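Below: run-v5.pdb (PDB, C-alpha atoms, pLDDT in the B column)
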```pdb
ATOM      1  CA  GLN Y   1     -23.260  11.328  14.261  1.00 82.00           C
ATOM      2  CA  VAL Y   2     -24.926   8.246  12.826  1.00 88.00           C
ATOM      3  CA  GLN Y   3     -28.357   8.183  11.214  1.00 92.00           C
ATOM      4  CA  LEU Y   4     -30.333   4.990  10.831  1.00 94.00           C
ATOM      5  CA  VAL Y   5     -33.324   4.699   8.533  1.00 93.00           C
ATOM      6  CA  GLU Y   6     -35.589   1.677   8.810  1.00 94.00           C
ATOM      7  CA  SER Y   7     -38.235   0.494   6.385  1.00 94.00           C
ATOM      8  CA  GLY Y   8     -40.390  -2.521   5.678  1.00 96.00           C
ATOM      9  CA  GLY Y   9     -42.791  -2.632   8.599  1.00 94.00           C
ATOM     10  CA  GLY Y  10     -46.523  -3.011   8.203  1.00 97.00           C
ATOM     11  CA  LEU Y  11     -49.553  -5.188   8.801  1.00 97.00           C
ATOM     12  CA  VAL Y  12     -49.369  -8.891   8.032  1.00 98.00           C
ATOM     13  CA  GLN Y  13     -51.522 -11.903   8.790  1.00 98.00           C
ATOM     14  CA  PRO Y  14     -50.322 -14.659  11.120  1.00 98.00           C
ATOM     15  CA  GLY Y  15     -48.034 -17.009   9.240  1.00 98.00           C
ATOM     16  CA  GLY Y  16     -46.969 -14.306   6.828  1.00 98.00           C
ATOM     17  CA  SER Y  17     -43.598 -12.730   6.177  1.00 98.00           C
ATOM     18  CA  LEU Y  18     -42.013  -9.299   6.243  1.00 98.00           C
ATOM     19  CA  ARG Y  19     -38.536  -8.004   5.506  1.00 98.00           C
ATOM     20  CA  LEU Y  20     -37.135  -5.062   7.424  1.00 98.00           C
ATOM     21  CA  SER Y  21     -34.276  -2.959   6.108  1.00 96.00           C
ATOM     22  CA  CYS Y  22     -31.975  -0.503   7.814  1.00 95.00           C
ATOM     23  CA  ALA Y  23     -29.397   1.780   6.242  1.00 93.00           C
ATOM     24  CA  ALA Y  24     -26.782   3.645   8.256  1.00 91.00           C
ATOM     25  CA  SER Y  25     -25.219   6.933   7.204  1.00 87.00           C
ATOM     26  CA  GLY Y  26     -23.178   9.696   8.727  1.00 85.00           C
ATOM     27  CA  SER Y  27     -19.909   9.662  10.584  1.00 75.00           C
ATOM     28  CA  ILE Y  28     -19.154   5.951  10.542  1.00 77.00           C
ATOM     29  CA  SER Y  29     -15.711   4.548  11.127  1.00 75.00           C
ATOM     30  CA  SER Y  30     -15.728   0.933  12.158  1.00 83.00           C
ATOM     31  CA  ILE Y  31     -18.977  -0.831  12.973  1.00 84.00           C
ATOM     32  CA  TYR Y  32     -18.737  -3.448  15.714  1.00 88.00           C
ATOM     33  CA  ALA Y  33     -22.308  -4.714  15.621  1.00 91.00           C
ATOM     34  CA  MET Y  34     -25.606  -4.246  13.820  1.00 92.00           C
ATOM     35  CA  GLY Y  35     -28.904  -5.661  14.845  1.00 95.00           C
ATOM     36  CA  TRP Y  36     -32.591  -5.437  15.556  1.00 97.00           C
ATOM     37  CA  TYR Y  37     -34.475  -4.975  18.804  1.00 98.00           C
ATOM     38  CA  ARG Y  38     -38.166  -4.670  19.471  1.00 98.00           C
ATOM     39  CA  GLN Y  39     -40.564  -3.375  22.067  1.00 97.00           C
ATOM     40  CA  ALA Y  40     -44.206  -4.263  22.456  1.00 94.00           C
ATOM     41  CA  PRO Y  41     -46.605  -2.301  24.685  1.00 89.00           C
ATOM     42  CA  GLY Y  42     -46.156  -3.282  28.296  1.00 91.00           C
ATOM     43  CA  LYS Y  43     -43.176  -5.521  27.552  1.00 92.00           C
ATOM     44  CA  PRO Y  44     -39.433  -4.979  28.024  1.00 92.00           C
ATOM     45  CA  HIS Y  45     -37.071  -4.066  25.231  1.00 92.00           C
ATOM     46  CA  GLU Y  46     -35.964  -7.311  23.572  1.00 96.00           C
ATOM     47  CA  MET Y  47     -33.016  -8.266  21.383  1.00 97.00           C
ATOM     48  CA  VAL Y  48     -34.306  -9.885  18.204  1.00 98.00           C
ATOM     49  CA  ALA Y  49     -31.090 -10.545  16.277  1.00 98.00           C
ATOM     50  CA  ARG Y  50     -27.632  -9.080  15.885  1.00 96.00           C
ATOM     51  CA  PHE Y  51     -24.300  -9.802  14.246  1.00 91.00           C
ATOM     52  CA  THR Y  52     -20.835  -8.557  15.101  1.00 91.00           C
ATOM     53  CA  SER Y  53     -17.745  -7.767  13.085  1.00 88.00           C
ATOM     54  CA  ASP Y  54     -15.981 -10.791  14.611  1.00 89.00           C
ATOM     55  CA  GLY Y  55     -18.519 -13.143  13.037  1.00 87.00           C
ATOM     56  CA  ARG Y  56     -20.969 -13.825  15.837  1.00 93.00           C
ATOM     57  CA  THR Y  57     -24.710 -13.930  15.185  1.00 96.00           C
ATOM     58  CA  ASN Y  58     -27.284 -14.122  17.956  1.00 97.00           C
ATOM     59  CA  TYR Y  59     -31.046 -14.513  17.946  1.00 98.00           C
ATOM     60  CA  GLY Y  60     -33.619 -14.058  20.646  1.00 97.00           C
ATOM     61  CA  ASP Y  61     -35.119 -17.355  21.765  1.00 97.00           C
ATOM     62  CA  SER Y  62     -38.594 -16.393  20.611  1.00 96.00           C
ATOM     63  CA  VAL Y  63     -37.529 -15.851  16.989  1.00 98.00           C
ATOM     64  CA  LYS Y  64     -34.995 -18.631  16.420  1.00 97.00           C
ATOM     65  CA  GLY Y  65     -35.801 -20.634  13.320  1.00 97.00           C
ATOM     66  CA  ARG Y  66     -38.226 -18.003  12.018  1.00 98.00           C
ATOM     67  CA  PHE Y  67     -36.182 -14.817  11.616  1.00 98.00           C
ATOM     68  CA  THR Y  68     -32.932 -14.344   9.738  1.00 98.00           C
ATOM     69  CA  ILE Y  69     -30.595 -11.368  10.032  1.00 97.00           C
ATOM     70  CA  SER Y  70     -28.309 -10.446   7.160  1.00 94.00           C
ATOM     71  CA  GLY Y  71     -26.240  -7.547   6.014  1.00 89.00           C
ATOM     72  CA  ASP Y  72     -22.745  -6.279   5.844  1.00 77.00           C
ATOM     73  CA  ASN Y  73     -20.927  -3.875   8.121  1.00 73.00           C
ATOM     74  CA  SER Y  74     -18.974  -2.502   5.178  1.00 78.00           C
ATOM     75  CA  GLU Y  75     -22.210  -1.750   3.302  1.00 82.00           C
ATOM     76  CA  LYS Y  76     -23.728  -0.240   6.464  1.00 87.00           C
ATOM     77  CA  LYS Y  77     -26.972  -2.097   5.888  1.00 91.00           C
ATOM     78  CA  VAL Y  78     -28.794  -4.716   7.896  1.00 94.00           C
ATOM     79  CA  TYR Y  79     -31.904  -6.706   7.059  1.00 96.00           C
ATOM     80  CA  LEU Y  80     -34.312  -8.839   9.036  1.00 98.00           C
ATOM     81  CA  GLN Y  81     -36.307 -11.495   7.201  1.00 98.00           C
ATOM     82  CA  MET Y  82     -39.264 -12.475   9.357  1.00 98.00           C
ATOM     83  CA  ASN Y  83     -41.173 -15.632   8.464  1.00 98.00           C
ATOM     84  CA  SER Y  84     -44.003 -17.511  10.167  1.00 98.00           C
ATOM     85  CA  LEU Y  85     -45.013 -14.354  11.969  1.00 98.00           C
ATOM     86  CA  LYS Y  86     -47.129 -14.633  15.093  1.00 98.00           C
ATOM     87  CA  PRO Y  87     -49.380 -12.090  16.821  1.00 97.00           C
ATOM     88  CA  GLU Y  88     -46.837 -11.945  19.650  1.00 96.00           C
ATOM     89  CA  ASP Y  89     -44.286 -10.578  17.184  1.00 97.00           C
ATOM     90  CA  THR Y  90     -46.290  -7.358  17.073  1.00 97.00           C
ATOM     91  CA  ALA Y  91     -43.989  -4.563  18.219  1.00 98.00           C
ATOM     92  CA  VAL Y  92     -41.985  -1.552  17.169  1.00 97.00           C
ATOM     93  CA  TYR Y  93     -38.737  -2.816  15.671  1.00 98.00           C
ATOM     94  CA  TYR Y  94     -35.583  -0.737  16.070  1.00 97.00           C
ATOM     95  CA  CYS Y  95     -32.360  -0.933  14.132  1.00 96.00           C
ATOM     96  CA  ASN Y  96     -29.204  -0.710  16.251  1.00 94.00           C
ATOM     97  CA  VAL Y  97     -25.574   0.000  15.394  1.00 93.00           C
ATOM     98  CA  VAL Y  98     -22.606  -0.139  17.740  1.00 92.00           C
ATOM     99  CA  ILE Y  99     -19.511   1.859  16.799  1.00 89.00           C
ATOM    100  CA  GLY Y 100     -16.879   1.806  19.505  1.00 88.00           C
ATOM    101  CA  PRO Y 101     -18.503   2.973  22.741  1.00 90.00           C
ATOM    102  CA  VAL Y 102     -21.463   4.569  20.953  1.00 90.00           C
ATOM    103  CA  THR Y 103     -24.793   2.858  20.302  1.00 93.00           C
ATOM    104  CA  SER Y 104     -27.174   4.421  17.806  1.00 93.00           C
ATOM    105  CA  TRP Y 105     -30.853   3.659  17.260  1.00 95.00           C
ATOM    106  CA  GLY Y 106     -33.260   4.120  14.402  1.00 95.00           C
ATOM    107  CA  GLN Y 107     -36.670   5.716  14.796  1.00 95.00           C
ATOM    108  CA  GLY Y 108     -38.444   2.365  14.767  1.00 96.00           C
ATOM    109  CA  THR Y 109     -40.874   0.705  12.401  1.00 96.00           C
ATOM    110  CA  GLN Y 110     -44.183  -0.819  13.440  1.00 97.00           C
ATOM    111  CA  VAL Y 111     -44.858  -4.476  12.732  1.00 98.00           C
ATOM    112  CA  THR Y 112     -48.392  -5.669  13.383  1.00 98.00           C
ATOM    113  CA  VAL Y 113     -49.368  -9.321  13.026  1.00 98.00           C
ATOM    114  CA  SER Y 114     -53.111  -9.712  13.015  1.00 97.00           C
ATOM    115  CA  SER Y 115     -55.906 -11.375  11.093  1.00 95.00           C
TER     116      SER Y 115
END
```

As structure tokens, please, write out the structure in this file.
Amino acid sequence: QVQLVESGGGLVQPGGSLRLSCAASGSISSIYAMGWYRQAPGKPHEMVARFTSDGRTNYGDSVKGRFTISGDNSEKKVYLQMNSLKPEDTAVYYCNVVIGPVTSWGQGTQVTVSS
């Protein structure tokens, strides 16, 4: 079983920055992908950013150029640097890890962008 612990959420003003962190622990063999998703009230679950063990990195259209994902599968950590934050970025952000056929999720961390 995999445990994911997220940190770094909070309240920030529009235009500000936040950095989210996620650490994975537990029964981990080979990680295929790590990433971040988010869900705002009344909106669908949305992929924010993810990278895979074969070198691919993807970003959601709404965050391209503002957010940067980093980390290392071997270190079992993933980060999300969020710059130029907008009120529409307000959501619960979830860390995600894919190991073989199993997808694991963190408990989520709230990000609120408001003046």

Query raised in the report: Exactly which residues make up the result of the PyMOL selection byres ((chain Y and resi 90) around 8) on this file, given as JSON, numbers by chain?
Result: {"Y": [40, 86, 87, 88, 89, 91, 92, 110, 111, 112, 113]}

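The shortest atom-to-atom distance to Y:Gly8, with all atoms listed in the file taken into account, belongs to Y:Gln81 out of Y:Gln39, Y:Gln81, Y:Thr103, Y:Ser114.
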
Report task. Enter the distance from atom CA of Y:Ala49 to atom CA of Y:Trp36, in Å, rounded to one decimal. Result -> 5.4 Å

Query raised in the report: Which one is closest to Y:Gly9: Y:Gly100, Y:Gly71, Y:Ser29, Y:Arg38? Count only C-alpha atoms.
Result: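 Going through Y:Gly100, Y:Gly71, Y:Ser29, Y:Arg38 one by one, the smallest distance to Y:Gly9 is for Y:Arg38.
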
Requested in this report: Give me the result of the PyMOL selection byres ((chain Y and resi 84) around 12) on this file, residue by residue, as a VMD selection string.
Outcome: chain Y and resid 12 to 19 62 to 68 81 to 83 85 to 89 113
